[in-house]
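Undergrad: The structure file target24.csv (CSV, C-alpha atoms and all ligand atoms) is provided below.
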chain,number,residue,atom,x,y,z
A,400,MET,CA,-18.2,5.3,11.0
A,401,ASN,CA,-14.9,6.5,9.6
A,402,LYS,CA,-14.2,6.8,5.9
A,403,ALA,CA,-10.6,6.1,5.1
A,404,VAL,CA,-8.0,6.1,2.4
A,405,PHE,CA,-5.1,3.8,2.7
A,406,PHE,CA,-1.9,4.2,0.8
A,407,ASP,CA,1.0,1.9,-0.1
A,408,LEU,CA,4.3,3.7,0.5
A,409,ASP,CA,7.1,2.6,-1.8
A,410,ASP,CA,6.6,3.9,-5.4
A,411,THR,CA,3.2,5.2,-4.5
A,412,LEU,CA,4.1,8.3,-2.3
A,413,TYR,CA,7.8,8.5,-3.3
A,414,ASP,CA,10.0,7.1,-6.1
A,415,THR,CA,12.3,4.3,-5.2
A,416,SER,CA,13.4,3.5,-8.8
A,417,ASP,CA,16.8,5.0,-8.9
A,418,PHE,CA,17.8,5.7,-5.4
A,419,ALA,CA,19.0,2.3,-4.1
A,420,ARG,CA,21.2,1.9,-7.2
A,421,LEU,CA,22.7,5.4,-7.0
A,422,ALA,CA,23.3,5.0,-3.2
A,423,ARG,CA,25.1,1.6,-3.7
A,424,ARG,CA,27.2,3.1,-6.5
A,425,ALA,CA,28.2,6.0,-4.3
A,426,ALA,CA,29.0,3.7,-1.4
A,427,ILE,CA,31.3,1.6,-3.5
A,428,ASN,CA,33.1,4.5,-5.0
A,429,VAL,CA,34.0,5.8,-1.5
A,430,MET,CA,35.1,2.3,-0.5
A,431,ILE,CA,37.3,2.1,-3.6
A,432,ASP,CA,38.8,5.5,-2.8
A,433,ALA,CA,39.7,4.1,0.6
A,434,GLY,CA,41.5,1.1,-0.8
A,435,LEU,CA,39.0,-1.6,-1.8
A,436,PRO,CA,40.9,-3.3,-4.6
A,437,LEU,CA,38.1,-3.7,-7.2
A,438,THR,CA,36.8,-1.7,-10.1
A,439,PRO,CA,33.5,0.1,-9.6
A,440,ASP,CA,31.7,-2.4,-11.8
A,441,GLU,CA,33.3,-5.5,-10.1
A,442,ALA,CA,32.4,-4.1,-6.7
A,443,TYR,CA,28.8,-3.3,-7.7
A,444,LYS,CA,28.3,-6.7,-9.2
A,445,LEU,CA,29.6,-8.4,-6.1
A,446,LEU,CA,27.4,-6.2,-3.9
A,447,ARG,CA,24.4,-7.0,-6.1
A,448,GLU,CA,25.1,-10.7,-5.6
A,449,ILE,CA,25.3,-10.3,-1.9
A,450,ILE,CA,22.0,-8.4,-1.8
A,451,LYS,CA,20.4,-11.1,-3.9
A,452,GLU,CA,21.7,-13.8,-1.5
A,453,LYS,CA,20.8,-12.0,1.8
A,454,GLY,CA,17.8,-9.9,0.8
A,455,SER,CA,17.6,-6.1,0.7
A,456,ASN,CA,16.6,-5.8,4.3
A,457,TYR,CA,19.7,-7.5,5.6
A,458,ASP,CA,21.9,-4.9,7.2
A,459,LYS,CA,25.4,-6.3,6.8
A,460,HIS,CA,25.9,-6.3,3.0
A,461,PHE,CA,29.1,-4.3,3.3
A,462,ASN,CA,30.5,-6.6,6.0
A,463,ILE,CA,30.2,-9.5,3.7
A,464,LEU,CA,31.6,-7.6,0.8
A,465,THR,CA,34.8,-6.9,2.6
A,466,LYS,CA,35.0,-10.4,3.9
A,467,ARG,CA,34.7,-11.8,0.4
A,468,VAL,CA,37.4,-9.5,-0.9
A,469,TYR,CA,39.9,-9.6,2.0
A,470,GLY,CA,39.0,-12.8,3.8
A,471,GLU,CA,38.1,-10.7,6.9
A,472,GLU,CA,35.8,-7.8,7.7
A,473,LYS,CA,37.3,-4.3,7.3
A,474,PRO,CA,35.5,-2.0,9.7
A,475,LEU,CA,36.6,1.3,8.2
A,476,LEU,CA,35.5,0.3,4.7
A,477,ILE,CA,32.2,-1.1,6.1
A,478,ALA,CA,31.5,2.2,8.0
A,479,LEU,CA,32.4,4.3,4.9
A,480,GLY,CA,30.1,2.2,2.7
A,481,MET,CA,27.2,2.3,5.2
A,482,ILE,CA,27.4,6.0,5.8
A,483,THR,CA,27.6,6.9,2.2
A,484,TYR,CA,24.8,4.6,1.3
A,485,HIS,CA,22.5,6.1,3.9
A,486,ASN,CA,23.5,9.7,3.1
A,487,VAL,CA,22.9,9.4,-0.6
A,488,LYS,CA,19.7,7.4,-0.2
A,489,PHE,CA,18.1,9.9,2.1
A,490,ALA,CA,19.3,12.8,0.0
A,491,LEU,CA,17.4,11.3,-2.9
A,492,LEU,CA,14.3,10.5,-0.9
A,493,ARG,CA,11.6,12.8,-2.4
A,494,LEU,CA,7.9,12.7,-2.6
A,495,PHE,CA,6.2,12.5,-6.0
A,496,PRO,CA,4.9,15.9,-7.0
A,497,GLU,CA,1.7,17.1,-5.3
A,498,THR,CA,1.7,14.3,-2.8
A,499,MET,CA,1.6,16.6,0.2
A,500,SER,CA,-1.2,18.7,-1.2
A,501,THR,CA,-3.2,15.6,-2.1
A,502,LEU,CA,-2.9,14.3,1.5
A,503,ILE,CA,-3.9,17.7,2.8
A,504,TYR,CA,-6.9,17.7,0.5
A,505,LEU,CA,-8.0,14.3,1.6
A,506,LYS,CA,-7.7,15.3,5.3
A,507,SER,CA,-9.8,18.4,4.5
A,508,LYS,CA,-12.5,16.1,3.0
A,509,GLY,CA,-12.7,14.2,6.3
A,510,TYR,CA,-10.9,11.0,5.3
A,511,HIS,CA,-8.8,9.2,7.8
A,512,LEU,CA,-5.5,8.2,6.3
A,513,GLY,CA,-3.5,5.1,6.6
A,514,ILE,CA,-0.4,3.3,5.2
A,515,ILE,CA,-0.4,-0.4,4.4
A,516,SER,CA,3.1,-1.4,3.4
A,517,ASN,CA,5.1,-4.6,2.9
A,518,GLY,CA,8.2,-3.9,4.8
A,519,ILE,CA,10.1,-3.6,8.1
A,520,THR,CA,8.2,-1.4,10.5
A,521,ILE,CA,11.0,0.9,11.7
A,522,LYS,CA,12.4,1.3,8.1
A,523,GLN,CA,9.0,2.4,6.9
A,524,TRP,CA,8.5,4.8,9.8
A,525,GLU,CA,11.9,6.2,9.1
A,526,LYS,CA,11.0,7.0,5.5
A,527,LEU,CA,7.7,8.6,6.6
A,528,ILE,CA,9.5,10.8,9.1
A,529,ARG,CA,12.2,11.8,6.6
A,530,LEU,CA,9.6,12.6,4.0
A,531,GLY,CA,7.7,14.8,6.6
A,532,LEU,CA,4.6,12.6,6.3
A,533,HIS,CA,4.3,10.9,9.7
A,534,HIS,CA,1.7,13.4,11.1
A,535,PHE,CA,-0.7,12.7,8.2
A,536,PHE,CA,-1.4,9.1,9.0
A,537,ASP,CA,-3.8,7.8,11.6
A,538,GLU,CA,-2.5,4.2,11.2
A,539,VAL,CA,0.6,2.7,9.7
A,540,ILE,CA,0.6,-1.1,9.3
A,541,THR,CA,3.5,-3.1,7.9
A,542,SER,CA,3.7,-6.7,6.9
A,543,GLU,CA,6.2,-7.2,9.7
A,544,GLU,CA,3.6,-6.2,12.2
A,545,ALA,CA,0.7,-8.0,10.5
A,546,GLY,CA,2.6,-11.2,10.1
A,547,VAL,CA,1.5,-11.5,6.5
A,548,GLU,CA,2.2,-9.5,3.3
A,549,LYS,CA,-0.1,-7.9,0.8
A,550,PRO,CA,-2.0,-9.3,-1.0
A,551,ASP,CA,-3.1,-11.4,2.0
A,552,LYS,CA,-6.4,-9.9,3.0
A,553,LYS,CA,-5.5,-10.2,6.7
A,554,ILE,CA,-3.2,-7.2,6.5
A,555,PHE,CA,-6.1,-5.1,5.0
A,556,GLN,CA,-8.6,-6.4,7.6
A,557,LYS,CA,-6.2,-5.5,10.4
A,558,SER,CA,-5.8,-2.1,9.0
A,559,LEU,CA,-9.5,-1.5,8.8
A,560,ASP,CA,-10.1,-2.8,12.4
A,561,ARG,CA,-7.4,-0.4,13.7
A,562,MET,CA,-8.9,2.5,11.8
A,563,GLY,CA,-12.4,1.6,13.0
A,564,CYS,CA,-13.6,1.6,9.4
A,565,LYS,CA,-15.7,-0.7,7.2
A,566,ALA,CA,-14.1,-2.2,4.0
A,567,GLU,CA,-16.9,-0.7,1.8
A,568,LYS,CA,-16.1,2.8,3.2
A,569,SER,CA,-12.5,2.6,2.4
A,570,ILE,CA,-10.1,2.9,-0.5
A,571,MET,CA,-6.6,1.4,-1.1
A,572,ILE,CA,-4.2,3.3,-3.4
A,573,GLY,CA,-1.1,1.6,-4.6
A,574,ASN,CA,1.2,1.0,-7.5
A,575,LYS,CA,1.3,-2.8,-7.5
A,576,PHE,CA,-1.7,-4.6,-9.0
A,577,SER,CA,-0.7,-8.0,-7.6
A,578,GLU,CA,-0.3,-6.7,-4.1
A,579,ASP,CA,-2.2,-3.5,-3.5
A,580,ILE,CA,-5.2,-3.9,-5.8
A,581,ILE,CA,-5.9,-7.7,-5.6
A,582,GLY,CA,-5.5,-7.6,-1.8
A,583,ALA,CA,-7.8,-4.6,-1.3
A,584,LEU,CA,-10.5,-6.0,-3.6
A,585,ASN,CA,-10.4,-9.4,-1.9
A,586,ALA,CA,-10.8,-7.6,1.4
A,587,GLY,CA,-13.9,-5.8,0.0
A,588,MET,CA,-12.3,-2.4,-0.3
A,589,TYR,CA,-12.3,0.0,-3.3
A,590,ALA,CA,-8.9,0.3,-5.0
A,591,ILE,CA,-7.1,2.8,-7.2
A,592,LEU,CA,-3.9,2.0,-9.1
A,593,VAL,CA,-1.3,4.8,-9.4
A,594,ASN,CA,2.0,5.1,-11.2
A,595,SER,CA,1.4,1.9,-13.1
A,596,GLN,CA,-0.3,0.6,-16.2
A,597,LEU,CA,-2.6,-2.5,-16.3
A,598,THR,CA,-1.2,-5.4,-18.2
A,599,GLU,CA,-3.4,-7.4,-20.5
A,600,ASP,CA,-3.7,-10.2,-18.0
A,601,GLU,CA,-4.7,-7.8,-15.3
A,602,GLN,CA,-7.3,-6.2,-17.6
A,603,LYS,CA,-8.7,-9.6,-18.2
A,604,TYR,CA,-8.8,-10.4,-14.5
A,605,LEU,CA,-10.9,-7.3,-13.9
A,606,GLU,CA,-13.2,-7.9,-16.9
A,607,GLU,CA,-13.9,-11.5,-15.8
A,608,ARG,CA,-15.0,-10.2,-12.4
A,609,ASN,CA,-16.8,-7.1,-13.7
A,610,ILE,CA,-14.6,-4.8,-11.7
A,611,GLU,CA,-14.1,-1.2,-12.8
A,612,LEU,CA,-10.7,-0.2,-11.5
A,613,LYS,CA,-9.6,3.5,-11.5
A,614,VAL,CA,-6.1,3.9,-12.9
A,615,LEU,CA,-4.4,7.2,-12.3
A,616,SER,CA,-1.0,8.3,-13.7
A,617,ASN,CA,-0.5,10.9,-11.0
A,618,ILE,CA,-1.4,11.0,-7.3
A,619,GLN,CA,-2.9,14.5,-7.6
A,620,ASP,CA,-5.6,13.2,-9.9
A,621,ILE,CA,-7.1,11.6,-6.7
A,622,LYS,CA,-8.4,15.1,-6.0
A,623,LYS,CA,-10.6,14.9,-9.1
A,624,ILE,CA,-12.4,11.7,-7.9
A,625,LEU,CA,-12.5,11.9,-4.1
A,701,MG,MG,4.6,0.0,-3.8
Show the structure stored in the file as structure tokens.
TA:
Amino acid sequence: MNKAVFFDLDDTLYDTSDFARLARRAAINVMIDAGLPLTPDEAYKLLREIIKEKGSNYDKHFNILTKRVYGEEKPLLIALGMITYHNVKFALLRLFPETMSTLIYLKSKGYHLGIISNGITIKQWEKLIRLGLHHFFDEVITSEEAGVEKPDKKIFQKSLDRMGCKAEKSIMIGNKFSEDIIGALNAGMYAILVNSQLTEDEQKYLEERNIELKVLSNIQDIKKIL
């Protein structure tokens, strides 16, 4: 039977914290240079409102932005915004330090590796490919594919089935307690929290259930325990 380590993707293997904001700012500046009649702050605020309304996975934020400003879509501005957004976003897409060496280490120890991610399948694959990680993972499962999001244990069970692995022989590593950790524990897996601190409530949750959770500040510390 396989032993497996599953990872969350966003903010576990790479840092998302700044890059969406910086990419949006850059896109807006290019649109303003091309004639969009707003200040950078006005345009950014409007874009944020549209993203909040439509969700971050909607792909026509810039169309709506020009429509709201001009009363009609402006294709040149939309294309400039989209291209700049993507170029800046992918230029900023970087792994956390020592992520690659940690994955190589786990492979050398005989672990099968998987991704369990809430997100759109093609978008998540695109990030893995751009990060140079796609060959490392035996299975990549997204909430879009599974039909449910973490912490629903069905997405974890589906991942285990695909990997041919038992829950008690597997570990989930992620940065969100409420999604990655709770979901994995409910599915009977081991769990490790990275890049995040436990809140008091979370600590209490674990104590009440007598669960000892490993919390690591860096992904490379996995090498010390696996
Ligand atoms: Mg995450």
Undergrad: Could you check the closest approach to ligand MG 701 (chain A) for each of A:Gln619, A:Ser558, A:Thr483, A:Gln523 and tell me which residue wins, using all atoms listed in the file?
TA: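 Once distances to ligand MG 701 (chain A) are computed over all atoms listed in the file, the minimum belongs to A:Gln523.
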Undergrad: Please give me, as a ChimeraX atom specification, the residues lying within 7 Å of ligand MG 701 (chain A) when counting only C-alpha atoms and all ligand atoms.
TA: /A:407-411,573-575
Undergrad: Which polymer residues have any atom within 10 Å of an atom of range 469-471 of chain A, counting all atoms listed in the file, with same-chain residues fewer than 5 positions away left out, as a PyMOL selection string?
TA: chain A and resi 435-436+462-464
Undergrad: Contacts of Pro439 in chain A at 9 Å or less, counting all atoms listed in the file, minus same-chain residues fewer than 3 places along, as a list in words?
TA: Arg424, Ile427, Asn428, Ile431, Ala442, Tyr443 and Lys444 of chain A
Undergrad: Let me see the file: selected residues, C-alpha atoms, as an mmCIF file, keeping the file's coordinate frame.
TA:
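Final file, out-v1.cif:
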data_model
loop_
_atom_site.group_PDB
_atom_site.id
_atom_site.type_symbol
_atom_site.label_atom_id
_atom_site.label_comp_id
_atom_site.auth_asym_id
_atom_site.auth_seq_id
_atom_site.Cartn_x
_atom_site.Cartn_y
_atom_site.Cartn_z
ATOM 1 C CA ARG A 424 27.200 3.100 -6.500
ATOM 2 C CA ILE A 427 31.300 1.600 -3.500
ATOM 3 C CA ASN A 428 33.100 4.500 -5.000
ATOM 4 C CA ILE A 431 37.300 2.100 -3.600
ATOM 5 C CA ALA A 442 32.400 -4.100 -6.700
ATOM 6 C CA TYR A 443 28.800 -3.300 -7.700
ATOM 7 C CA LYS A 444 28.300 -6.700 -9.200
#
Undergrad: Using Å and a single decimal, report how far CA of Asp620 in chain A sits from CA of Pro496 in chain A.
TA: 11.2 Å
Undergrad: Glu525 in chain A: which residues within 12 Å, counting all atoms listed in the file, same-chain residues fewer than 6 positions away excluded, as a list in words?
TA: Leu408, His485, Phe489, Leu492, Gly518, Ile519, Gly531, Leu532, His533 and Val539 of chain A
Undergrad: Write the selection just made, keeping C-alpha atoms, as a PDB file, keeping the file's coordinate frame?
TA:
ATOM      1  CA  LEU A 408       4.300   3.700   0.500  1.00  0.00           C
ATOM      2  CA  HIS A 485      22.500   6.100   3.900  1.00  0.00           C
ATOM      3  CA  PHE A 489      18.100   9.900   2.100  1.00  0.00           C
ATOM      4  CA  LEU A 492      14.300  10.500  -0.900  1.00  0.00           C
ATOM      5  CA  GLY A 518       8.200  -3.900   4.800  1.00  0.00           C
ATOM      6  CA  ILE A 519      10.100  -3.600   8.100  1.00  0.00           C
ATOM      7  CA  GLY A 531       7.700  14.800   6.600  1.00  0.00           C
ATOM      8  CA  LEU A 532       4.600  12.600   6.300  1.00  0.00           C
ATOM      9  CA  HIS A 533       4.300  10.900   9.700  1.00  0.00           C
ATOM     10  CA  VAL A 539       0.600   2.700   9.700  1.00  0.00           C
TER      11      VAL A 539
END
Undergrad: Would you please work out which residue, of A:Ile515, A:Ile449, A:Val468, A:Val487, is nearest to Asp417 in chain A when using all atoms listed in the file?
TA: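 Once distances to Asp417 in chain A are computed over all atoms listed in the file, the minimum belongs to A:Val487.
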Undergrad: Would you mind telling me which residue in A:Leu505, A:Ile581, A:Ile514, A:Ala586 lies nearest to Tyr604 in chain A when using all atoms listed in the file?
TA: A:Ile581
